[in-house]
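> I am sharing protein_34.cif, which consists of mmCIF, C-alpha atoms:
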data_entry
#
loop_
_atom_site.label_atom_id
_atom_site.label_comp_id
_atom_site.auth_asym_id
_atom_site.auth_seq_id
_atom_site.Cartn_x
_atom_site.Cartn_y
_atom_site.Cartn_z
CA MET A 8 24.52 133.09 50.73
CA LEU A 9 27.17 133.15 48.02
CA ASP A 10 27.88 129.85 46.23
CA LEU A 11 31.46 130.04 44.91
CA GLU A 12 33.89 127.86 42.95
CA VAL A 13 37.44 127.54 44.31
CA VAL A 14 40.22 127.38 41.71
CA PRO A 15 43.59 126.89 43.46
CA GLU A 16 46.30 129.40 42.49
CA ARG A 17 43.77 131.33 40.41
CA SER A 18 40.37 132.54 41.63
CA LEU A 19 37.19 132.44 43.68
CA GLY A 20 33.90 133.18 41.93
CA ASN A 21 30.80 131.98 40.14
CA GLU A 22 29.29 132.13 36.65
CA GLN A 23 28.60 135.87 36.89
CA TRP A 24 31.94 137.09 38.30
CA GLU A 25 35.22 136.00 39.83
CA PHE A 26 37.95 137.49 41.96
CA ALA A 27 41.13 136.43 40.13
CA LEU A 28 44.65 136.64 41.54
CA GLY A 29 46.48 139.48 39.82
CA MET A 30 43.24 141.45 39.33
CA PRO A 31 43.62 145.23 39.79
CA PHE A 32 41.96 146.73 42.86
CA SER A 33 39.62 148.85 40.73
CA GLN A 34 38.19 145.81 38.94
CA ALA A 35 37.36 144.13 42.24
CA ILE A 36 35.58 147.33 43.29
CA SER A 37 33.65 147.31 40.00
CA ILE A 38 32.43 143.76 40.71
CA LEU A 39 31.30 144.77 44.20
CA GLN A 40 29.50 147.85 42.88
CA LYS A 41 27.75 145.87 40.15
CA HIS A 42 26.53 143.24 42.63
CA CYS A 43 25.92 145.56 45.57
CA ARG A 44 22.46 144.08 46.24
CA ILE A 45 24.02 140.66 46.85
CA ILE A 46 27.44 141.55 48.30
CA LYS A 47 26.88 144.07 51.10
CA ASN A 48 28.77 145.63 54.00
CA VAL A 49 32.21 145.85 52.37
CA GLN A 50 35.07 147.49 54.28
CA VAL A 51 38.21 149.02 52.74
CA LEU A 52 41.14 148.56 55.13
CA TYR A 53 44.51 150.28 54.75
CA SER A 54 47.24 151.94 56.77
CA GLU A 55 46.68 155.70 56.81
CA GLN A 56 50.21 156.64 57.86
CA THR A 57 52.22 153.83 56.20
CA PRO A 58 50.17 152.65 53.20
CA LEU A 59 53.08 150.74 51.64
CA SER A 60 53.80 148.60 54.72
CA HIS A 61 50.41 146.84 54.90
CA ASP A 62 48.22 145.12 52.33
CA LEU A 63 45.23 146.95 50.93
CA ILE A 64 42.22 144.85 51.99
CA LEU A 65 38.60 144.53 50.88
CA ASN A 66 36.70 142.84 53.71
CA LEU A 67 33.36 141.30 52.66
CA THR A 68 32.03 141.13 56.21
CA GLN A 69 28.66 139.61 55.29
CA ASP A 70 30.32 136.77 53.36
CA GLY A 71 33.41 136.10 55.51
CA ILE A 72 35.87 136.86 52.67
CA LYS A 73 38.95 139.09 52.57
CA LEU A 74 40.71 140.18 49.38
CA LEU A 75 44.32 141.16 50.06
CA PHE A 76 45.95 143.44 47.48
CA ASP A 77 49.66 144.09 47.27
CA ALA A 78 50.36 147.55 48.68
CA THR A 79 52.79 148.43 45.88
CA ASN A 80 51.26 147.18 42.62
CA GLN A 81 47.66 147.10 43.97
CA ARG A 82 46.88 143.71 42.39
CA LEU A 83 45.09 140.86 44.17
CA LYS A 84 47.63 138.75 46.08
CA VAL A 85 45.62 136.51 48.44
CA ILE A 86 41.97 135.48 48.73
CA GLU A 87 41.05 134.53 52.30
CA VAL A 88 37.81 132.91 53.45
CA TYR A 89 37.85 133.47 57.21
CA ASP A 90 34.28 132.41 58.07
CA LEU A 91 33.15 129.32 56.17
CA SER A 92 29.70 129.40 57.78
CA LYS A 93 28.78 132.46 55.66
CA VAL A 94 29.52 131.02 52.22
CA LYS A 95 29.13 127.84 50.15
CA LEU A 96 32.29 126.52 48.52
CA LYS A 97 32.85 123.92 45.82
CA TYR A 98 35.79 122.46 43.92
CA CYS A 99 35.40 121.08 40.39
CA GLY A 100 31.64 121.61 40.72
CA VAL A 101 31.28 119.53 43.92
CA HIS A 102 30.57 121.21 47.26
CA PHE A 103 32.98 120.67 50.15
CA ASN A 104 31.43 123.37 52.35
CA SER A 105 27.74 124.22 52.65
CA GLN A 106 24.89 124.27 55.16
CA THR A 107 24.65 120.46 54.91
CA ILE A 108 28.34 119.61 54.35
CA ALA A 109 30.81 120.40 57.14
CA PRO A 110 34.38 121.27 56.05
CA THR A 111 36.13 118.60 58.13
CA ILE A 112 39.59 117.17 57.47
CA GLU A 113 37.92 114.04 56.05
CA GLN A 114 35.84 116.15 53.64
CA ILE A 115 38.91 118.10 52.49
CA ASP A 116 40.81 114.84 51.92
CA GLN A 117 37.90 113.48 49.89
CA SER A 118 37.53 116.63 47.76
CA PHE A 119 41.18 117.58 47.18
CA GLY A 120 43.11 114.33 47.59
CA ALA A 121 46.44 113.63 49.26
CA THR A 122 49.00 116.29 50.05
CA HIS A 123 51.98 116.82 52.36
CA PRO A 124 51.50 116.32 56.11
CA GLY A 125 49.86 119.09 58.09
CA VAL A 126 51.93 121.71 59.89
CA TYR A 127 50.99 122.74 63.44
CA ASN A 128 51.34 126.38 64.47
CA ALA A 129 51.49 126.51 68.26
CA ALA A 130 51.02 130.28 68.47
CA GLU A 131 47.76 130.18 66.51
CA GLN A 132 46.70 126.71 67.75
CA LEU A 133 45.96 125.83 64.11
CA PHE A 134 46.93 123.04 61.74
CA HIS A 135 47.79 124.17 58.22
CA LEU A 136 47.22 121.79 55.32
CA ASN A 137 48.88 123.10 52.16
CA PHE A 138 48.26 122.36 48.51
CA ARG A 139 49.83 124.32 45.67
CA GLY A 140 48.06 127.67 45.61
CA LEU A 141 45.62 126.65 48.35
CA SER A 142 45.80 126.13 52.10
CA PHE A 143 43.36 125.19 54.86
CA SER A 144 43.74 126.05 58.54
CA PHE A 145 42.08 123.70 61.04
CA GLN A 146 40.93 124.62 64.54
CA LEU A 147 41.64 122.35 67.50
CA ASP A 148 38.53 121.33 69.48
CA SER A 149 39.89 122.36 72.88
CA TRP A 150 42.91 123.85 74.57
CA ASN A 151 43.55 120.48 76.25
CA GLU A 152 44.47 118.93 72.91
CA ALA A 153 47.21 121.43 72.17
CA PRO A 154 50.21 119.91 74.05
CA LYS A 155 50.31 116.56 72.24
CA TYR A 156 50.62 118.34 68.93
CA GLU A 157 53.69 120.29 69.93
CA PRO A 158 56.80 119.50 67.83
CA ASN A 159 58.71 118.11 70.85
CA PHE A 160 56.02 115.55 71.76
CA ALA A 161 56.71 111.95 70.65
CA MET A 162 59.70 112.96 68.56
CA GLY A 163 57.55 115.48 66.71
CA LEU A 164 55.50 112.86 64.86
CA ALA A 165 52.23 113.86 66.52
CA SER A 166 52.45 117.30 64.97
CA LEU A 167 52.03 115.74 61.52
CA GLN A 168 48.65 114.15 62.21
CA ILE A 169 45.60 116.41 61.93
CA PRO A 170 43.00 115.13 64.42
CA HIS A 171 39.86 113.47 63.03
CA GLY A 172 36.85 115.74 62.77
CA ALA A 173 38.95 118.92 62.79
CA MET A 174 37.05 121.76 61.10
CA VAL A 175 38.42 124.27 58.63
CA LYS A 176 38.65 127.71 60.21
CA ARG A 177 40.26 129.59 57.30
CA MET A 178 41.08 129.00 53.64
CA HIS A 179 43.60 130.90 51.47
CA ILE A 180 44.02 131.02 47.69
CA TYR A 181 47.39 132.32 46.48
CA THR A 182 50.18 131.80 43.94
CA GLY A 183 52.97 129.27 44.56
CA ASN A 184 53.69 126.89 47.42
CA ASN A 185 54.18 129.27 50.34
CA LEU A 186 51.50 131.62 51.63
CA GLN A 187 54.03 133.73 53.57
CA GLU A 188 56.22 134.28 50.50
CA THR A 189 53.52 134.66 47.86
CA ARG A 190 53.37 137.69 45.57
CA ALA A 191 50.63 139.10 43.39
CA PRO A 192 50.96 137.54 39.92
CA ALA A 193 50.90 139.45 36.66
CA MET A 194 47.49 140.66 35.58
CA PRO A 195 45.50 137.84 33.89
CA LEU A 196 44.51 138.23 30.24
CA ALA A 197 40.84 138.27 31.22
CA CYS A 198 41.39 141.46 33.23
CA PHE A 199 42.63 143.61 30.34
CA LEU A 200 39.12 144.08 28.92
CA GLY A 201 40.44 145.93 25.87
CA ASN A 202 42.43 148.46 27.94
CA ILE A 203 46.09 149.44 27.84
CA TYR A 204 48.02 149.52 31.12
CA ALA A 205 51.33 151.20 31.97
CA GLU A 206 54.01 148.92 33.38
CA CYS A 207 56.23 151.93 34.06
CA VAL A 208 56.49 155.60 33.05
CA ASP A 209 59.85 157.36 32.69
CA VAL A 210 59.93 161.14 32.77
CA LEU A 211 62.20 162.49 30.00
CA ARG A 212 64.01 165.68 30.96
CA ASP A 213 67.05 167.86 30.41
CA ARG A 214 68.83 170.11 32.91
CA ALA A 215 66.10 172.74 32.64
CA GLY A 216 63.19 170.47 33.41
CA PRO A 217 60.78 167.82 32.06
CA LEU A 218 60.44 167.24 28.32
CA GLY A 219 57.88 164.44 28.16
CA LEU A 220 57.07 160.83 29.06
CA ARG A 221 58.27 157.44 27.89
CA LEU A 222 55.62 154.82 28.67
CA ARG A 223 56.05 151.06 28.64
CA LEU A 224 52.56 149.80 27.85
CA LEU A 225 50.96 146.38 28.24
CA THR A 226 48.00 145.18 26.20
CA ALA A 227 46.34 141.86 25.43
CA GLY A 228 46.10 141.13 21.71
CA CYS A 229 42.53 140.97 20.42
CA GLY A 230 41.23 139.78 17.09
CA LEU A 231 38.02 138.87 15.31
CA GLY A 232 35.98 136.37 17.27
CA GLY A 233 37.65 137.03 20.61
CA MET A 234 41.13 136.53 21.97
CA THR A 235 42.86 135.06 18.93
CA ASP A 236 46.24 136.26 20.16
CA SER A 237 46.27 135.22 23.81
CA LYS A 238 49.47 136.96 24.82
CA VAL A 239 50.34 140.14 26.64
CA LYS A 240 52.18 142.54 24.36
CA ALA A 241 54.61 145.21 25.52
CA LEU A 242 54.82 148.51 23.66
CA GLU A 243 56.92 151.61 24.20
CA ARG A 244 55.61 155.07 23.36
CA SER A 245 56.90 158.59 24.01
CA ILE A 246 54.94 161.83 24.17
CA TYR A 247 56.28 165.36 24.65
CA PHE A 248 55.26 168.87 25.55
CA GLY A 249 54.06 170.51 22.37
CA ASP A 250 52.71 167.28 20.85
CA SER A 251 49.37 167.62 19.09
CA CYS A 252 46.18 165.72 19.94
CA GLN A 253 46.83 163.54 16.90
CA ASP A 254 50.33 162.71 18.16
CA VAL A 255 48.94 161.60 21.52
CA LEU A 256 46.03 159.66 20.03
CA GLY A 257 48.43 157.87 17.69
CA ALA A 258 50.72 156.94 20.58
CA LEU A 259 48.25 156.04 23.33
CA GLY A 260 44.86 155.61 21.63
CA SER A 261 41.63 157.23 22.69
CA PRO A 262 41.39 158.48 26.28
CA HIS A 263 38.81 157.09 28.68
CA LYS A 264 37.41 160.59 29.12
CA VAL A 265 37.91 164.14 27.88
CA PHE A 266 37.47 166.74 30.62
CA TYR A 267 37.12 170.46 29.87
CA LYS A 268 38.34 172.83 32.57
CA SER A 269 35.47 175.09 33.63
CA GLU A 270 37.66 177.31 35.80
CA ASP A 271 41.27 177.72 36.78
CA LYS A 272 41.37 177.72 40.57
CA MET A 273 45.14 178.23 40.57
CA LYS A 274 44.96 181.47 38.55
CA ILE A 275 44.84 183.54 41.74
CA HIS A 276 48.39 182.41 42.51
CA SER A 277 49.79 183.84 39.23
CA PRO A 278 51.62 187.21 39.36
CA SER A 279 48.81 189.33 37.87
CA PRO A 280 45.58 187.32 37.71
CA HIS A 281 43.44 190.43 37.08
CA LYS A 282 45.41 191.26 33.93
CA GLN A 283 44.86 187.88 32.26
CA VAL A 284 42.48 188.00 29.34
CA PRO A 285 39.67 185.47 29.74
CA SER A 286 39.83 182.71 27.14
CA LYS A 287 36.80 181.99 25.00
CA CYS A 288 37.70 178.29 25.03
CA ASN A 289 38.67 176.01 27.88
CA ASP A 290 41.80 173.91 28.11
CA TYR A 291 40.98 170.21 28.20
CA PHE A 292 42.39 167.00 29.66
CA PHE A 293 42.75 163.57 28.12
CA ASN A 294 42.14 161.24 31.10
CA TYR A 295 43.88 157.85 30.76
CA PHE A 296 42.63 156.13 33.92
CA THR A 297 44.37 152.77 33.39
CA LEU A 298 47.69 154.55 32.78
CA GLY A 299 47.33 156.82 35.81
CA VAL A 300 48.04 159.81 33.55
CA ASP A 301 46.23 163.02 32.58
CA ILE A 302 47.37 165.14 29.64
CA LEU A 303 46.35 168.81 29.42
CA PHE A 304 45.99 170.48 26.01
CA ASP A 305 45.98 174.18 25.28
CA SER A 306 42.54 175.25 24.04
CA THR A 307 44.02 177.49 21.32
CA THR A 308 46.95 175.50 19.94
CA HIS A 309 45.70 172.01 20.91
CA LEU A 310 49.23 171.12 21.99
CA VAL A 311 50.30 169.34 25.18
CA LYS A 312 51.08 171.78 28.01
CA LYS A 313 50.98 169.61 31.15
CA PHE A 314 51.19 166.01 32.32
CA VAL A 315 49.68 164.80 35.61
CA LEU A 316 50.92 161.50 37.12
CA HIS A 317 48.72 159.89 39.79
CA THR A 318 50.01 157.61 42.57
CA ASN A 319 46.56 156.34 43.69
CA TYR A 320 47.30 156.11 47.40
CA PRO A 321 44.38 155.14 49.65
CA GLY A 322 43.29 158.06 51.77
CA HIS A 323 43.34 160.51 48.85
CA TYR A 324 40.19 162.07 47.41
CA ASN A 325 40.83 160.58 43.93
CA PHE A 326 41.65 157.07 45.17
CA ASN A 327 40.47 154.31 42.80
CA ILE A 328 39.73 156.71 39.93
CA TYR A 329 43.17 156.06 38.42
CA HIS A 330 45.47 153.09 38.38
CA ARG A 331 48.79 153.76 40.07
CA CYS A 332 51.31 155.37 37.71
CA ASP A 333 54.66 153.74 38.48
CA PHE A 334 56.85 156.67 37.42
CA LYS A 335 60.55 157.49 37.61
CA ILE A 336 61.85 161.05 37.46
CA PRO A 337 65.63 161.34 36.91
CA LEU A 338 67.38 164.23 38.66
CA VAL A 339 70.87 165.68 38.42
CA ILE A 340 71.77 167.09 41.82
CA LYS A 341 74.61 169.58 42.21
CA LYS A 342 76.87 168.59 45.11
CA GLY A 343 79.00 171.76 45.24
CA LYS A 344 82.38 172.59 43.70
CA SER A 345 85.15 170.08 43.27
CA TYR A 346 88.46 170.41 45.12
CA SER A 347 90.01 172.09 42.08
CA GLY A 348 87.38 174.80 42.24
CA ALA A 349 86.28 174.09 38.68
CA ASP A 350 82.99 172.48 37.71
CA SER A 351 80.58 171.47 40.40
CA GLN A 352 80.12 167.80 41.14
CA THR A 353 76.79 166.23 40.27
CA GLU A 354 74.94 163.13 41.39
CA ASP A 355 72.21 161.23 39.54
CA CYS A 356 69.09 160.48 41.56
CA ILE A 357 65.65 159.11 40.75
CA LEU A 358 62.31 160.06 42.26
CA THR A 359 59.62 157.40 42.14
CA THR A 360 55.96 156.91 42.97
CA TYR A 361 57.08 155.71 46.40
CA SER A 362 59.38 158.64 47.30
CA LYS A 363 58.25 160.69 50.28
CA TRP A 364 58.16 164.47 50.35
CA ASP A 365 60.94 164.83 52.95
CA GLN A 366 63.21 162.70 50.72
CA ILE A 367 62.38 164.87 47.72
CA GLN A 368 63.16 168.05 49.64
CA GLU A 369 66.57 166.66 50.62
CA LEU A 370 67.36 166.23 46.93
CA LEU A 371 65.75 169.32 45.40
CA GLY A 372 65.92 171.72 48.32
CA HIS A 373 63.08 173.37 50.20
CA PRO A 374 60.60 175.45 48.16
CA MET A 375 60.99 179.21 48.55
CA GLU A 376 57.24 179.81 48.80
CA LYS A 377 54.62 178.39 51.10
CA PRO A 378 52.50 175.55 49.66
CA VAL A 379 49.14 176.02 48.02
CA VAL A 380 46.47 174.24 50.07
CA LEU A 381 44.22 172.11 47.85
CA HIS A 382 40.84 171.09 49.20
CA ARG A 383 38.83 168.86 46.89
CA SER A 384 35.09 168.28 47.18
CA SER A 385 32.33 167.25 44.80
CA SER A 386 30.34 170.41 45.54
CA ALA A 387 30.62 173.61 47.56
CA ASN A 388 28.73 172.21 50.55
CA ASN A 389 30.36 168.78 50.68
CA THR A 390 33.18 167.92 53.05
CA ASN A 391 36.27 165.96 52.09
CA PRO A 392 36.80 163.22 54.72
CA PHE A 393 40.45 162.81 53.71
CA GLY A 394 41.48 166.41 54.39
CA SER A 395 43.50 168.87 52.35
CA THR A 396 46.68 168.27 50.38
CA PHE A 397 49.59 170.67 49.82
CA CYS A 398 51.09 171.65 46.47
CA PHE A 399 54.79 172.57 46.19
CA GLY A 400 56.47 173.77 43.00
CA LEU A 401 60.07 172.79 42.18
CA GLN A 402 61.93 172.61 38.84
CA ARG A 403 58.81 172.85 36.62
CA MET A 404 57.11 170.16 38.70
CA ILE A 405 54.24 170.50 41.17
CA PHE A 406 54.15 167.88 43.92
CA GLU A 407 50.80 167.29 45.60
CA VAL A 408 51.67 166.06 49.09
CA MET A 409 49.31 164.15 51.37
CA GLN A 410 49.25 164.59 55.14
CA ASN A 411 51.13 161.30 55.58
CA ASN A 412 54.10 162.71 53.58
CA HIS A 413 53.39 160.60 50.46
CA ILE A 414 52.98 162.10 46.99
CA ALA A 415 49.41 162.09 45.64
CA SER A 416 50.30 163.39 42.17
CA VAL A 417 53.05 165.11 40.20
CA THR A 418 52.22 167.75 37.59
CA LEU A 419 54.88 168.34 34.93
CA TYR A 420 54.91 171.48 32.82
CA GLY A 421 57.33 173.13 30.46
CA ALA A 422 57.77 175.23 27.35
CA PRO A 423 56.25 173.60 24.24
CA ARG A 424 58.69 172.38 21.61
CA THR A 425 58.95 174.12 18.27
CA THR A 426 57.10 172.52 15.37
CA SER A 427 60.38 171.78 13.62
CA HIS A 428 61.45 169.46 16.45
CA ALA A 429 61.26 165.92 15.07
CA ARG A 430 59.75 163.22 17.28
CA PRO A 431 62.62 161.01 18.50
CA GLU A 432 60.60 157.80 18.23
CA SER A 433 59.25 158.51 14.73
CA SER A 434 61.94 156.44 13.05
CA SER A 435 60.99 153.33 15.03
CA SER A 436 57.24 153.80 15.54
CA SER A 437 56.45 151.24 12.86
CA HIS A 438 58.27 148.45 14.70
#
Translate this structure into C-alpha cells?

Amino acid sequence: MLDLEVVPERSLGNEQWEFALGMPFSQAISILQKHCRIIKNVQVLYSEQTPLSHDLILNLTQDGIKLLFDATNQRLKVIEVYDLSKVKLKYCGVHFNSQTIAPTIEQIDQSFGATHPGVYNAAEQLFHLNFRGLSFSFQLDSWNEAPKYEPNFAMGLASLQIPHGAMVKRMHIYTGNNLQETRAPAMPLACFLGNIYAECVDVLRDRAGPLGLRLRLLTAGCGLGGMTDSKVKALERSIYFGDSCQDVLGALGSPHKVFYKSEDKMKIHSPSPHKQVPSKCNDYFFNYFTLGVDILFDSTTHLVKKFVLHTNYPGHYNFNIYHRCDFKIPLVIKKGKSYSGADSQTEDCILTTYSKWDQIQELLGHPMEKPVVLHRSSSANNTNPFGSTFCFGLQRMIFEVMQNNHIASVTLYGAPRTTSHARPESSSSSH
C-alpha cells in the first residue's frame, strides 16, 4: 500500500517521487514506468473521437488514484484519490488516513484545521469541504439522511453542518479555490530537469511556402551546486531551411537523439523512383522530444531540409514520445477578385495544433491527389492498434491526419536558402 504525503495546491507523493500539479504527462508516465513493480494496473483514459473535450486521465486502479491532465496543454491539473481504503495519506508528516485511522470529518478537522462550512450536493449526495487547493467529499450514511440536508430545510442552515462520523469518499488536490474552475498551473521548476521546452512555435513563411520556425523556449536556470537561479527563463530562437547543424545546435542545443534514416518509404511516390541514384549516406534527424520537433538534415550538405511538428494526440502510434508542439501556421487565402476586377482579395488565417483536417481543407482547398496511407509498426509482423493515418500534401506542407480528423503531425519542406542569406536573428542573438 502506498504511503503518500498530501501537499495542498501542489502535489501527492513520497520521498522517492511525487506527482506535482503542472507536471507534463510524459513525466508522470516515467514515474509509473520506473516504479512499475509497486504501482501496477494503470489505465490511460481519453476520448478517441474528441480528445480535446475531455481530460487525459491516468487511473491507478490498484491505488485508487486518478491523475487528470488538461486536454490542451497535457499538464497535470487535478489529483483525485477516489478510494481511500487503498492508500495511506498524511499531511505535514502525520497520517489522517490509514488502516488504523479512519478519514472521518473529525479527523479531517483535527489534521487540517478550520475552514468554510461544508457544501451539500444533492445530486451526488455528498458534502464537500473545501480548503485552498484541497477538497474532501463526504458520503452520507444512508439515503434517509438526505432530506434534512437539502438547502430548503430549516432555512438552509442544516446544509452547512456535516454530520458527525461522516467518512471521506474522495479527495482532490488542485490549484486555487474552486475545483470546477481550476486550470493546470505552469510547469514547476523541479520538472524541467535540465530540458528546454517550447511554449509556442510560429512557422515563418512567405507566399510560396514555409521558410523556418520561430520558437519561444522556456528553461530553468541552472548553476554550480544546483538551482542557483530559480526562475524560468524565456528565450526566442529562429531556425530556417538551409541552416547548418552548427546553426541549429547553437540555437536549440543538443538534440535528445540523432536518428539516421535507413530507408525512404515515401520514395515510391516520387515521379521516377527507379531513376534516383542511391545515396551512400543517410539523411538524419535531430529529435527534440521536449519541443515536439524533428529536424531533418541532408546527408551530403548537412543543411536543414525538413521540419516535423508533432501534436501528440492520444490514439496515435507516437503518443507520449514527443511533447505537444503548440504551433501556428499563418496562411494568406485568396478570396477571389475584387469588384474592380483588379487584385484578388486576401484573408489572413492561422492553422494551429488544434485545427481539424476539414477546417484546413476549407482554407487551403482539397488536395488534387489521393492521400498516402501511413501504417506504423515496430516490426513487419507487429500490428498497430491505433490504425493507419493519411498524409496529404498542400503548399509545401504534409499533413498527417488521424481517423478522428485531428492532425498528428505537420511536415514542412522547402528550397534551402543560399549561403549568402544572413540569419535575421543574428544581430540580436547575443541579447
> Interatomic distance between atom CA of A:Val339 and atom CA of A:Met409?
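Between these atoms lies a distance of 25.2 Å.
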> Residue by residue, what does the PyMOL selection byres ((chain A and resi 247-256) around 7) grab here? Present the result as a list in words.
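Those residues are Leu218, Gly219, Leu220, Ser245, Ile246, Gly257, Ala258, Leu259, Gly260, Ser261, His309, Leu310, Val311, Lys312, Gly421, Pro423 and Arg424 of chain A.
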> Keeping C-alpha atoms, export the residues of the selection given above as an mmCIF file, keeping the file's coordinate frame.

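Wrote selection-v2.cif, looks like this:
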data_model
loop_
_atom_site.group_PDB
_atom_site.id
_atom_site.type_symbol
_atom_site.label_atom_id
_atom_site.label_comp_id
_atom_site.auth_asym_id
_atom_site.auth_seq_id
_atom_site.Cartn_x
_atom_site.Cartn_y
_atom_site.Cartn_z
ATOM 1 C CA LEU A 218 60.440 167.240 28.320
ATOM 2 C CA GLY A 219 57.880 164.440 28.160
ATOM 3 C CA LEU A 220 57.070 160.830 29.060
ATOM 4 C CA SER A 245 56.900 158.590 24.010
ATOM 5 C CA ILE A 246 54.940 161.830 24.170
ATOM 6 C CA GLY A 257 48.430 157.870 17.690
ATOM 7 C CA ALA A 258 50.720 156.940 20.580
ATOM 8 C CA LEU A 259 48.250 156.040 23.330
ATOM 9 C CA GLY A 260 44.860 155.610 21.630
ATOM 10 C CA SER A 261 41.630 157.230 22.690
ATOM 11 C CA HIS A 309 45.700 172.010 20.910
ATOM 12 C CA LEU A 310 49.230 171.120 21.990
ATOM 13 C CA VAL A 311 50.300 169.340 25.180
ATOM 14 C CA LYS A 312 51.080 171.780 28.010
ATOM 15 C CA GLY A 421 57.330 173.130 30.460
ATOM 16 C CA PRO A 423 56.250 173.600 24.240
ATOM 17 C CA ARG A 424 58.690 172.380 21.610
#
> For each of A:Met8, A:Leu338, A:Leu83, A:Val14, take the minimum atom-to-atom distance to A:Ile46, counting all atoms listed in the file, then give the residue where this is smallest.
A:Met8
> Please enumerate the residues selected by the PyMOL selection byres ((chain A and resi 315) around 7) when evaluated against the supplied file, formatted as a compact mmCIF listing (two decimals) with C-alpha atoms, keeping the file's coordinate frame.

# COMPACT_ATOMS: atom_id res chain seq x y z
CA VAL A 300 48.04 159.81 33.55
CA ASP A 301 46.23 163.02 32.58
CA ILE A 302 47.37 165.14 29.64
CA LYS A 313 50.98 169.61 31.15
CA PHE A 314 51.19 166.01 32.32
CA LEU A 316 50.92 161.50 37.12
CA HIS A 317 48.72 159.89 39.79
CA SER A 416 50.30 163.39 42.17
CA VAL A 417 53.05 165.11 40.20
CA THR A 418 52.22 167.75 37.59
CA LEU A 419 54.88 168.34 34.93
> Between A:Gln23, A:Met178, A:Lys95, A:Ile112, which residue has the minimum interatomic distance to A:Lys73, considering all atoms listed in the file?
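Going through A:Gln23, A:Met178, A:Lys95, A:Ile112 one by one, the smallest distance to A:Lys73 is for A:Met178.
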> As an exercise, work out the distance from atom CA of A:Ser395 to atom CA of A:Leu381 in Å and give it to one decimal place.
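It comes out at 5.6 Å.
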> Ranking A:His179, A:His263, A:His135, A:Lys335 by minimum distance to A:Val208 and counting all atoms listed in the file, which one comes first?
A:Lys335
> What does the distance between atom CA of A:Lys341 and atom CA of A:Glu369 come to in Å, to one decimal place?
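Between these atoms lies a distance of 12.0 Å.
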> If you apply the PyMOL selection byres ((chain A and resi 18) around 10) to this file, what residues do you get, as an NGL selection string?
:A and (11-17 or 19-21 or 25-30 or 83 or 85-86 or 140 or 180-181)
> Could you check which of A:Asn184, A:Gln366, A:Gln34, A:Asn391 is closest to A:Asn412, using all atoms listed in the file?
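Among the listed residues, the smallest separation from A:Asn412 belongs to A:Gln366.
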> Tell me which of A:Gln50, A:Ser269, A:Thr107, A:Ser237 sits closest to A:Pro195, counting all atoms listed in the file.
A:Ser237
> Just give me the residues with any atom within 10 Å of (50.0, 157.6, 38.6), file coordinates, counting all atoms listed in the file, written as a list in words.
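Protein, DNA and RNA residues close to (50.0, 157.6, 38.6): Ala205, Cys207, Val208, Tyr295, Phe296, Thr297, Leu298, Gly299, Val300, Asp301, Val315, Leu316, His317, Thr318, Asn319, Tyr320, Tyr329, His330, Arg331, Cys332, Asp333, Phe334, Thr360, Ile414, Ala415, Ser416 and Val417 of chain A.
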> Given only C-alpha atoms as the basis, pick out the residue of A:Tyr98, A:Tyr324, A:Phe199, A:Tyr204 nearest to A:Lys238.
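Using only C-alpha atoms, A:Lys238 sits closest to A:Phe199.
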> Within 12 Å of A:Pro374, counting all atoms listed in the file, which residues qualify if same-chain residues fewer than 6 places away don't, as a ChimeraX atom specification?
/A:364-365,367-368,398-406
> Please check which residues have atoms at most 8 Å from (42.7, 141.0, 48.1) in the file's coordinates, counting only C-alpha atoms, and write them as number ranges by chain.
A: 32, 63-65, 73-77, 82-87
